[in-house]
Amino acid sequence: MATEVQSLPFDAEALTRFSEERIEPKWFTDRRIQALSLAEELPLPNPEKTRIDSWNFTRFDYNAVGKPVHDPAKLPGNAGQLIGAEEKAGNVLVHHNGTPVFRSIRPDLEEKGVIFTDLATAIREHGDLVEKYYFKTTQLKKHKLTALNAALVNGGTFLYIPRNVAIETPVQTVYYQDAPSSGLIAHTIIAAEPGSSVTYVESFLSGSSVGEGVANLISEVRVGENAHVKYGAVDNFSDKIVTYVNRTGSVARDGSLEWALGQMNDGNTLSENATDLQGDGSSADTKAVSIGSGEQKQNFDNYIRHVGKGTISRMLVRGALKDASNCIFNARTKIEHGASKADGEQTQRVLMLSDQARGDANPILLIDEYDVIAGHAASVGRVDQDQLYYLMSRGIRKETAEKLIVEGFLEPVVDLLPVAGVRNQLSGLIERKVG
Amino acid sequence: MAIPELRIKDLHVSVEDKNIVKGFDLDVKGGEIHALMGPNGTGKSTVASAIMGHPKYQVTSGSVTLDGKNLLDMTVDERARAGLFLAMQYPSEVSGVTNADFLRTAINGKRGEGNEIPLMKFIKLMDKKMDLLEMDHHFAERYVNEGFSGGEKKRNEILQLLMLQPKFAILDEIDSGLDIDALKWVANGVNAMRSENFGCLIITHYQRLLNYIKPDKVHIMMNGRIVTTGGPELAVRLEKEGYDGLRKELGIKDDETVEA
């Protein structure tokens with residue numbers, strides 16, 4: 001086995017030491033070592049119409065650290081701007097190079113049994129709970145990148161909401177990366193027990209000092225019976241960072257999961273988002289917006305699977321492509337046999353802003369049940385000339401009018417983000433990237 | 001300030017190589033309100049769109065000047081900043097852009113960088129104009145025309161007119177689809193603009209709107225040009241007699257109707 005792992009630039013011995021330094025339980029260390037050899041054997045994923053074999057997923061430093069701070073105003077980069085006044089006193093966790101550096105949680109929530117902490121602490125203090133949810137909604141063995149995440153995980157968040165606890169103040173995490181050649185290998189778990197509810201939002205940022213780096217992010221969301229989870233995200237890694245991001249959820253009876261994803265990376269990105277509607281009457285709403293620019297290559301796969309009866313899903317995916325960027329969008333809605341009265345609808349719209357950009361939207365419906373409603377719409381087009389004429393007829397210059405139209409096109413996710421700082425982050429990013 | 005003047009001379013316009021407007025002449029001065037009437041398909045809306053500069057409409061000859069400046073040499077946005085406004089028959093919906101952002105961008109575009117309208121002043125102005133049109137204030141935060149009823153869209157056009165304060169406005173069938181209350185609100189808006197610094201051309205099928213906005217002149221358009229001009233009484237007569245009487249009187253053969 002030892003010889004097999006040598007072609008990945010990671011060493012099982014060093015990884016064991018890394019795990020020991022973090023005082024991880026044995027099951028977790030073992031899992032890392034197993035995963036490392038799997039990462040060696042397993043192939044890369046094979047996303048449709050995007051070649052990723054030359055992307056750097058494996059050359060990075062996984063042992064970077066950040067320094068804890070007590071005053072959120074002293075957080076590195078612009079991480080501090082993302083947490084609003086109310087949230088500062090609320091539920092915030094900031095990670096710097098994977099290390100938790102600032103944390104705050106409302107005392108009443110801890111009293112109710114809510115756990116909100118970084119993954120490393122959770123593994124030490126709530127090992128049983130972590131083990132219960134770790135790699136359950138997505139598979140460790142899915143492909144090389146999921147296995148790599150399990151082997152080298154160096155960050156992440158654990159959020160546990162006990163039965164019937166409703167968290168009113170949004171729960172927010174911020175990840176800021178600035179160590180040279182670093183890799184953020186994060187695994188986030190949200191476990192919402194029956195009857196609970198939460199709004200969670202995460203932001204990923206990086207400084208240019210990273211240079212060529214890697215982000216490998218896995219999020220698993222477990223939504224219990226009649227529980228409701230809203231999950232917002234703004235991804236913004238710099239242009240030389242290669243990102244693999246995998247966000248999955250599983251929803252039990254009458255539960256709901258809503259995704260609002262602002263996918264604003266400047267570098268190559270492979271994104272998998274999947275929701276499993278297991279329970280009868282469960283529902284999912286996926287909204288994702290992105291912008292491609294420069295020579296960036298991106299592949300977005302959004303997937304919703306209906307298993308329970310009377311399950312409902314909505315998917316809205318929008319992308320704007322500039323320069324010589326290349327983006328592929330797959331939307332897949334699957335209705336399994338037995339999921340009668342399921343209702344799944346998806347819309348994908350891609351706006352081409354340059355002649356050199358390439359984009360494709362592939363709508364896929366897979367239906368194994370008769371008594372269902374399913375629909376899809378997909379379009380790849382340019383800025384609507386009538387809209388442009390209308391705005392210009394009020395004296396707005398062409399470039400400004402185009403900008404307004406594109407910003408409006410990407411607006412649906414902005415409104416859904418729960419924290420003002422994060423909303424501003426996303427609208428600011430959209431403005432910068434479109435302009 | 002000199003009184004503004006819009007001059008349209010021998011205008012010919014074609015759409016997809018079909019000639020629709022054939023020698024249209026009209027002068028409108030500040031302080032004047034003109035009505036342009038005529039049967040369906042005679043090119044009234046084509047005149048409006050061509051003057052605004054819609055890319056689908058080709059001006060094949062003639063001239064349009066505003067205060068001596070040739071509008072036809074300008075891009076659409078330049079025409080607007082020169083002082084022209086077109087209230088459209090079918091306004092576009094722009095998802096994700098609020099009415100307030102849209103109007104503030106338009107106003108600031110005209111005022112220029114460094115001279116932007118202060119936010120509070122803008123909000124007060126917009127509230128005041130919406131009150132005049134009896135529009136609910138939440139329309140400021142609604143996305144431009146998205147999910148608006150036909151009447152709400154028309155009122156939104158007049159709101160833009162009031163906010164942008166152009167020198168000339170062309171109202172293209174602003175009254176179509178309006179109930180009597182909405183008609184009054186629209187008329188209030190236009191009447192509030194009345195001054196010697198503002199001229200207006202109202203394109204309409206019906207005399208009804210002209211009960212509320214009294215025109216100085218009424219022009220009848222047939223076969224792509226103005227065939228006769230009169231005062232408000234001409235509109236009243238048309239309402240009674242229809243266009244046939246006028247056709248006979250003027251010796252005009254059947255309209256070659258075209259798609260507007």
# chains A, B, ... in the order shown; residues from 1 in each chain; ligands from 1

$ closest_atom_pairs --of "chain A" --to "chain B" --cutoff "8 Å" --atoms "only C-alpha atoms" --output "Markdown table"
| residue | atom | partner | partner_atom | distance |
| --- | --- | --- | --- | --- |
| A:Asp386 | CA | B:Ser92 | CA | 6.6 |
| A:Gln387 | CA | B:Ser92 | CA | 5.6 |
| A:Tyr389 | CA | B:His54 | CA | 6.7 |
| A:Tyr390 | CA | B:Ser92 | CA | 6.4 |
| A:Leu391 | CA | B:Phe102 | CA | 7.9 |
| A:Met392 | CA | B:Asp77 | CA | 4.6 |
| A:Ser393 | CA | B:Asp77 | CA | 5.4 |
| A:Arg394 | CA | B:Ala80 | CA | 5.7 |
| A:Gly395 | CA | B:Asp77 | CA | 4.2 |
| A:Ile396 | CA | B:Ala106 | CA | 5.2 |
| A:Arg397 | CA | B:Asp77 | CA | 5.7 |
| A:Lys398 | CA | B:Asp77 | CA | 7.4 |
| A:Leu404 | CA | B:Val97 | CA | 6.8 |
| A:Ile405 | CA | B:Val94 | CA | 6.8 |
| A:Glu407 | CA | B:Gly96 | CA | 7.2 |
| A:Gly408 | CA | B:Gly96 | CA | 3.6 |
| A:Phe409 | CA | B:Gly96 | CA | 5.9 |
| A:Leu410 | CA | B:Gly96 | CA | 7.4 |
| A:Glu411 | CA | B:Gly96 | CA | 5.3 |
| A:Pro412 | CA | B:Gly96 | CA | 7.0 |

$ residues_around --residues "A:Val413" --least-positions-apart "4" --cutoff "7 Å" --atoms "only C-alpha atoms" --output "number ranges by chain"
A: 260-262, 287-289, 417

$ atom_distance --atom1 "atom CA of A:Lys144" --atom2 "atom CA of A:Glu40"
7.1 Å

$ select_by_dssp --residues "stretch 27-211 of chain B" --states "strand (DSSP E)" --output "ChimeraX atom specification"
/B:27-29,33-37,57-66,69-70,84-87,94-98,143-144,168-172,199-203

$ select_by_dssp --residues "stretch 9-127 of chain A" --states "helix (DSSP H, G or I)" --output "PyMOL selection string"
chain A and resi 12-21+26-41+72-74+79-82+85-88+107-111+119-125+127

$ residues_around --residues "A:Ala324" --least-positions-apart "4" --cutoff "7 Å" --atoms "only C-alpha atoms" --output "PyMOL selection string"
chain A and resi 293-295+356-357

$ write_last_selection --atoms "N, CA and C atoms" --output "CSV table (one decimal), in the first residue's frame"
chain,number,residue,atom,x,y,z
A,293,SER,N,-15.2,34.4,-16.2
A,293,SER,CA,-14.4,35.5,-16.8
A,293,SER,C,-13.0,35.0,-17.1
A,294,GLY,N,-12.3,35.8,-17.8
A,294,GLY,CA,-10.9,35.4,-18.2
A,294,GLY,C,-10.9,34.1,-19.0
A,295,GLU,N,-10.0,33.3,-18.7
A,295,GLU,CA,-9.8,32.0,-19.3
A,295,GLU,C,-10.5,30.9,-18.5
A,356,GLN,N,-16.0,35.2,-27.5
A,356,GLN,CA,-15.1,34.1,-27.3
A,356,GLN,C,-15.5,33.1,-26.2
A,357,ALA,N,-16.5,33.6,-25.4
A,357,ALA,CA,-17.0,32.7,-24.3
A,357,ALA,C,-17.7,31.5,-24.9

$ residues_around --residues "stretch 361-371 of chain A" --least-positions-apart "3" --cutoff "12 Å" --atoms "only C-alpha atoms" --output "number ranges by chain"
A: 48-49, 299-311, 315-320, 326-352, 358, 374-381

$ closest_atom_pairs --of "stretch 32-75 of chain A" --to "stretch 234-247 of chain A" --cutoff "8 Å" --atoms "only C-alpha atoms" --output "CSV"
residue,atom,partner,partner_atom,distance
A:Trp55,CA,A:Val242,CA,7.0
A:Asn56,CA,A:Val242,CA,6.4
A:Phe57,CA,A:Val242,CA,6.6

$ residues_around --residues "B:Asn156" --least-positions-apart "2" --cutoff "12 Å" --atoms "only C-alpha atoms" --output "ChimeraX atom specification"
/B:87-93,99-100,102-103,126,129-130,132-137,139-140,142-146,148-154,158-163,174,182,185-186,189

$ write_last_selection --atoms "C-alpha atoms" --output "PDB file, in the first residue's frame"
ATOM      1  CA  ALA B  87     -43.493  56.383 -23.417  1.00  0.00           C
ATOM      2  CA  MET B  88     -43.666  52.991 -25.028  1.00  0.00           C
ATOM      3  CA  GLN B  89     -46.662  50.991 -26.056  1.00  0.00           C
ATOM      4  CA  TYR B  90     -45.032  47.760 -24.844  1.00  0.00           C
ATOM      5  CA  PRO B  91     -42.419  48.600 -22.192  1.00  0.00           C
ATOM      6  CA  SER B  92     -39.824  45.898 -21.499  1.00  0.00           C
ATOM      7  CA  GLU B  93     -39.560  44.044 -18.224  1.00  0.00           C
ATOM      8  CA  ASN B  99     -37.534  50.863 -10.529  1.00  0.00           C
ATOM      9  CA  ALA B 100     -35.594  53.067  -8.110  1.00  0.00           C
ATOM     10  CA  PHE B 102     -33.217  52.148 -12.868  1.00  0.00           C
ATOM     11  CA  LEU B 103     -34.436  55.734 -12.499  1.00  0.00           C
ATOM     12  CA  MET B 126     -39.795  59.729  -6.466  1.00  0.00           C
ATOM     13  CA  LYS B 129     -44.192  61.790  -8.314  1.00  0.00           C
ATOM     14  CA  MET B 130     -45.669  58.447  -7.321  1.00  0.00           C
ATOM     15  CA  LEU B 132     -49.241  62.378  -8.132  1.00  0.00           C
ATOM     16  CA  LEU B 133     -49.952  59.183 -10.090  1.00  0.00           C
ATOM     17  CA  GLU B 134     -51.541  57.510  -7.056  1.00  0.00           C
ATOM     18  CA  MET B 135     -48.940  54.754  -7.280  1.00  0.00           C
ATOM     19  CA  ASP B 136     -48.152  52.701  -4.213  1.00  0.00           C
ATOM     20  CA  HIS B 137     -44.634  53.513  -2.954  1.00  0.00           C
ATOM     21  CA  PHE B 139     -43.401  50.242  -6.846  1.00  0.00           C
ATOM     22  CA  ALA B 140     -40.022  51.893  -6.241  1.00  0.00           C
ATOM     23  CA  ARG B 142     -40.405  46.402  -7.638  1.00  0.00           C
ATOM     24  CA  TYR B 143     -38.368  45.123 -10.571  1.00  0.00           C
ATOM     25  CA  VAL B 144     -38.892  47.245 -13.687  1.00  0.00           C
ATOM     26  CA  ASN B 145     -42.328  46.354 -15.104  1.00  0.00           C
ATOM     27  CA  GLU B 146     -42.017  42.749 -13.965  1.00  0.00           C
ATOM     28  CA  PHE B 148     -47.046  44.796 -13.648  1.00  0.00           C
ATOM     29  CA  SER B 149     -50.546  44.867 -15.105  1.00  0.00           C
ATOM     30  CA  GLY B 150     -51.042  46.718 -18.381  1.00  0.00           C
ATOM     31  CA  GLY B 151     -52.274  49.800 -16.530  1.00  0.00           C
ATOM     32  CA  GLU B 152     -49.398  49.701 -14.031  1.00  0.00           C
ATOM     33  CA  LYS B 153     -46.896  49.581 -16.872  1.00  0.00           C
ATOM     34  CA  LYS B 154     -48.455  52.674 -18.444  1.00  0.00           C
ATOM     35  CA  ILE B 158     -45.509  58.355 -16.898  1.00  0.00           C
ATOM     36  CA  LEU B 159     -43.589  58.072 -13.624  1.00  0.00           C
ATOM     37  CA  GLN B 160     -40.389  57.929 -15.673  1.00  0.00           C
ATOM     38  CA  LEU B 161     -41.535  60.932 -17.682  1.00  0.00           C
ATOM     39  CA  LEU B 162     -42.074  62.920 -14.483  1.00  0.00           C
ATOM     40  CA  MET B 163     -38.752  61.860 -13.014  1.00  0.00           C
ATOM     41  CA  ILE B 174     -50.475  55.496 -23.467  1.00  0.00           C
ATOM     42  CA  ALA B 182     -55.895  55.205 -14.661  1.00  0.00           C
ATOM     43  CA  TRP B 185     -53.871  59.628 -13.309  1.00  0.00           C
ATOM     44  CA  VAL B 186     -51.942  59.502 -16.562  1.00  0.00           C
ATOM     45  CA  GLY B 189     -49.040  63.340 -14.859  1.00  0.00           C
TER      46      GLY B 189
END

$ atom_distance --atom1 "atom CA of A:Glu220" --atom2 "atom CA of A:Thr138"
7.1 Å

$ residues_around --residues "A:Gly195" --least-positions-apart "6" --cutoff "9 Å" --atoms "only C-alpha atoms" --output "mmCIF file with N, CA and C atoms, in the first residue's frame"
data_model
loop_
_atom_site.group_PDB
_atom_site.id
_atom_site.type_symbol
_atom_site.label_atom_id
_atom_site.label_comp_id
_atom_site.auth_asym_id
_atom_site.auth_seq_id
_atom_site.Cartn_x
_atom_site.Cartn_y
_atom_site.Cartn_z
ATOM 1 N N PRO A 162 -30.593 20.511 17.743
ATOM 2 C CA PRO A 162 -31.431 19.463 18.340
ATOM 3 C C PRO A 162 -32.896 19.602 17.923
ATOM 4 N N ARG A 163 -33.619 18.576 18.202
ATOM 5 C CA ARG A 163 -35.046 18.484 17.897
ATOM 6 C C ARG A 163 -35.805 19.748 18.321
ATOM 7 N N ASN A 164 -36.630 20.244 17.416
ATOM 8 C CA ASN A 164 -37.547 21.360 17.694
ATOM 9 C C ASN A 164 -36.884 22.677 18.093
ATOM 10 N N VAL A 165 -35.589 22.830 17.839
ATOM 11 C CA VAL A 165 -34.940 24.109 18.126
ATOM 12 C C VAL A 165 -34.929 24.947 16.845
ATOM 13 N N ALA A 166 -35.488 26.137 16.949
ATOM 14 C CA ALA A 166 -35.481 27.045 15.794
ATOM 15 C C ALA A 166 -34.432 28.115 16.048
ATOM 16 N N GLY A 224 -33.842 16.722 9.001
ATOM 17 C CA GLY A 224 -34.732 15.749 9.631
ATOM 18 C C GLY A 224 -36.196 16.001 9.289
ATOM 19 N N GLU A 225 -37.063 15.161 9.810
ATOM 20 C CA GLU A 225 -38.498 15.299 9.559
ATOM 21 C C GLU A 225 -38.984 16.678 9.968
ATOM 22 N N ASN A 226 -39.691 17.298 9.056
ATOM 23 C CA ASN A 226 -40.282 18.603 9.320
ATOM 24 C C ASN A 226 -39.251 19.649 9.779
ATOM 25 N N ALA A 227 -38.014 19.468 9.407
ATOM 26 C CA ALA A 227 -36.979 20.468 9.693
ATOM 27 C C ALA A 227 -36.788 21.319 8.433
ATOM 28 N N HIS A 228 -36.266 22.543 8.634
ATOM 29 C CA HIS A 228 -36.137 23.458 7.501
ATOM 30 C C HIS A 228 -34.762 24.115 7.528
ATOM 31 N N GLY A 255 -39.652 17.823 5.374
ATOM 32 C CA GLY A 255 -38.566 18.778 5.587
ATOM 33 C C GLY A 255 -38.329 19.591 4.321
#

$ atom_distance --atom1 "atom CA of A:Arg124" --atom2 "atom CA of A:Asp61"
23.3 Å

$ residues_around --residues "stretch 20-34 of chain B" --least-positions-apart "3" --cutoff "8 Å" --atoms "only C-alpha atoms" --output "mmCIF file with N, CA and C atoms, in the first residue's frame"
data_model
loop_
_atom_site.group_PDB
_atom_site.id
_atom_site.type_symbol
_atom_site.label_atom_id
_atom_site.label_comp_id
_atom_site.auth_asym_id
_atom_site.auth_seq_id
_atom_site.Cartn_x
_atom_site.Cartn_y
_atom_site.Cartn_z
ATOM 1 N N ILE B 3 -37.179 78.442 -25.950
ATOM 2 C CA ILE B 3 -38.237 77.434 -26.037
ATOM 3 C C ILE B 3 -37.776 76.284 -26.936
ATOM 4 N N PRO B 4 -37.873 75.044 -26.434
ATOM 5 C CA PRO B 4 -37.377 73.914 -27.232
ATOM 6 C C PRO B 4 -38.238 73.653 -28.473
ATOM 7 N N GLU B 5 -37.615 73.043 -29.443
ATOM 8 C CA GLU B 5 -38.319 72.820 -30.707
ATOM 9 C C GLU B 5 -37.911 71.480 -31.323
ATOM 10 N N LEU B 6 -38.914 70.692 -31.627
ATOM 11 C CA LEU B 6 -38.685 69.401 -32.296
ATOM 12 C C LEU B 6 -39.190 69.524 -33.726
ATOM 13 N N ARG B 7 -38.309 69.291 -34.708
ATOM 14 C CA ARG B 7 -38.704 69.426 -36.119
ATOM 15 C C ARG B 7 -38.480 68.111 -36.849
ATOM 16 N N ILE B 8 -39.562 67.643 -37.426
ATOM 17 C CA ILE B 8 -39.481 66.416 -38.221
ATOM 18 C C ILE B 8 -39.772 66.804 -39.663
ATOM 19 N N LYS B 9 -38.845 66.505 -40.563
ATOM 20 C CA LYS B 9 -38.986 66.950 -41.952
ATOM 21 C C LYS B 9 -38.893 65.787 -42.924
ATOM 22 N N ASP B 10 -39.953 65.610 -43.683
ATOM 23 C CA ASP B 10 -39.970 64.646 -44.791
ATOM 24 C C ASP B 10 -39.378 63.290 -44.382
ATOM 25 N N LEU B 11 -39.841 62.797 -43.256
ATOM 26 C CA LEU B 11 -39.282 61.564 -42.700
ATOM 27 C C LEU B 11 -39.806 60.336 -43.449
ATOM 28 N N HIS B 12 -38.871 59.489 -43.857
ATOM 29 C CA HIS B 12 -39.222 58.197 -44.463
ATOM 30 C C HIS B 12 -38.609 57.095 -43.611
ATOM 31 N N VAL B 13 -39.411 56.114 -43.266
ATOM 32 C CA VAL B 13 -38.911 55.032 -42.414
ATOM 33 C C VAL B 13 -39.334 53.698 -43.003
ATOM 34 N N SER B 14 -38.413 52.755 -42.983
ATOM 35 C CA SER B 14 -38.797 51.407 -43.404
ATOM 36 C C SER B 14 -38.446 50.399 -42.316
ATOM 37 N N VAL B 15 -39.220 49.332 -42.295
ATOM 38 C CA VAL B 15 -38.976 48.221 -41.385
ATOM 39 C C VAL B 15 -38.797 46.983 -42.238
ATOM 40 N N THR B 42 -51.062 52.773 -39.887
ATOM 41 C CA THR B 42 -50.653 53.859 -40.791
ATOM 42 C C THR B 42 -49.250 54.350 -40.475
ATOM 43 N N GLY B 43 -48.619 53.810 -39.457
ATOM 44 C CA GLY B 43 -47.219 54.162 -39.196
ATOM 45 C C GLY B 43 -47.003 55.116 -38.040
ATOM 46 N N THR B 46 -44.474 53.698 -35.710
ATOM 47 C CA THR B 46 -43.203 53.631 -36.426
ATOM 48 C C THR B 46 -42.483 54.978 -36.359
ATOM 49 N N VAL B 47 -43.249 56.064 -36.504
ATOM 50 C CA VAL B 47 -42.651 57.396 -36.370
ATOM 51 C C VAL B 47 -41.995 57.523 -35.000
ATOM 52 N N GLY B 62 -34.937 62.114 -44.808
ATOM 53 C CA GLY B 62 -35.585 63.088 -43.944
ATOM 54 C C GLY B 62 -34.715 63.448 -42.759
ATOM 55 N N LYS B 167 -37.421 67.397 -22.550
ATOM 56 C CA LYS B 167 -37.963 68.552 -23.276
ATOM 57 C C LYS B 167 -39.158 68.152 -24.125
ATOM 58 N N PHE B 168 -39.069 66.923 -24.681
ATOM 59 C CA PHE B 168 -40.161 66.432 -25.516
ATOM 60 C C PHE B 168 -40.516 65.009 -25.147
ATOM 61 N N ARG B 194 -46.832 70.260 -18.097
ATOM 62 C CA ARG B 194 -47.090 71.383 -19.009
ATOM 63 C C ARG B 194 -46.307 72.631 -18.630
ATOM 64 N N SER B 195 -45.526 73.118 -19.586
ATOM 65 C CA SER B 195 -44.839 74.398 -19.417
ATOM 66 C C SER B 195 -44.244 74.723 -20.775
ATOM 67 N N GLU B 196 -43.728 75.912 -20.906
ATOM 68 C CA GLU B 196 -43.171 76.264 -22.225
ATOM 69 C C GLU B 196 -41.853 75.539 -22.501
ATOM 70 N N ASN B 197 -41.352 74.827 -21.482
ATOM 71 C CA ASN B 197 -40.122 74.051 -21.682
ATOM 72 C C ASN B 197 -40.391 72.612 -22.070
ATOM 73 N N PHE B 198 -41.670 72.291 -22.277
ATOM 74 C CA PHE B 198 -42.012 70.901 -22.545
ATOM 75 C C PHE B 198 -43.030 70.796 -23.676
ATOM 76 N N GLY B 199 -42.702 69.988 -24.661
ATOM 77 C CA GLY B 199 -43.638 69.726 -25.752
ATOM 78 C C GLY B 199 -43.995 68.254 -25.773
ATOM 79 N N CYS B 200 -45.187 67.944 -26.317
ATOM 80 C CA CYS B 200 -45.645 66.562 -26.216
ATOM 81 C C CYS B 200 -46.423 66.149 -27.461
ATOM 82 N N LEU B 201 -46.159 64.931 -27.902
ATOM 83 C CA LEU B 201 -46.911 64.357 -29.014
ATOM 84 C C LEU B 201 -47.609 63.106 -28.502
ATOM 85 N N ILE B 202 -48.939 63.132 -28.571
ATOM 86 C CA ILE B 202 -49.716 62.014 -28.034
ATOM 87 C C ILE B 202 -50.264 61.191 -29.190
ATOM 88 N N LYS B 214 -55.841 68.459 -23.046
ATOM 89 C CA LYS B 214 -56.340 69.212 -24.194
ATOM 90 C C LYS B 214 -55.207 69.491 -25.181
ATOM 91 N N PRO B 215 -55.329 68.985 -26.411
ATOM 92 C CA PRO B 215 -54.256 69.217 -27.380
ATOM 93 C C PRO B 215 -54.403 70.580 -28.067
ATOM 94 N N ASP B 216 -53.283 71.133 -28.467
ATOM 95 C CA ASP B 216 -53.326 72.369 -29.250
ATOM 96 C C ASP B 216 -53.630 72.060 -30.703
ATOM 97 N N LYS B 217 -53.108 70.925 -31.170
ATOM 98 C CA LYS B 217 -53.338 70.533 -32.561
ATOM 99 C C LYS B 217 -53.607 69.044 -32.637
ATOM 100 N N VAL B 218 -54.423 68.668 -33.599
ATOM 101 C CA VAL B 218 -54.688 67.252 -33.851
ATOM 102 C C VAL B 218 -54.297 66.954 -35.300
ATOM 103 N N HIS B 219 -53.441 65.952 -35.492
ATOM 104 C CA HIS B 219 -53.003 65.560 -36.834
ATOM 105 C C HIS B 219 -53.560 64.188 -37.162
ATOM 106 N N ASN B 223 -51.655 56.411 -44.602
ATOM 107 C CA ASN B 223 -50.668 56.034 -45.625
ATOM 108 C C ASN B 223 -49.262 56.572 -45.345
ATOM 109 N N GLY B 224 -48.895 56.639 -44.079
ATOM 110 C CA GLY B 224 -47.513 56.997 -43.768
ATOM 111 C C GLY B 224 -47.201 58.474 -43.739
ATOM 112 N N ARG B 225 -48.250 59.317 -43.809
ATOM 113 C CA ARG B 225 -47.980 60.750 -43.663
ATOM 114 C C ARG B 225 -49.186 61.459 -43.044
ATOM 115 N N ILE B 226 -48.959 62.704 -42.620
ATOM 116 C CA ILE B 226 -50.071 63.484 -42.061
ATOM 117 C C ILE B 226 -50.906 64.009 -43.219
ATOM 118 N N VAL B 258 -50.248 48.349 -43.042
ATOM 119 C CA VAL B 258 -48.979 47.667 -42.782
ATOM 120 C C VAL B 258 -48.933 47.260 -41.318
#
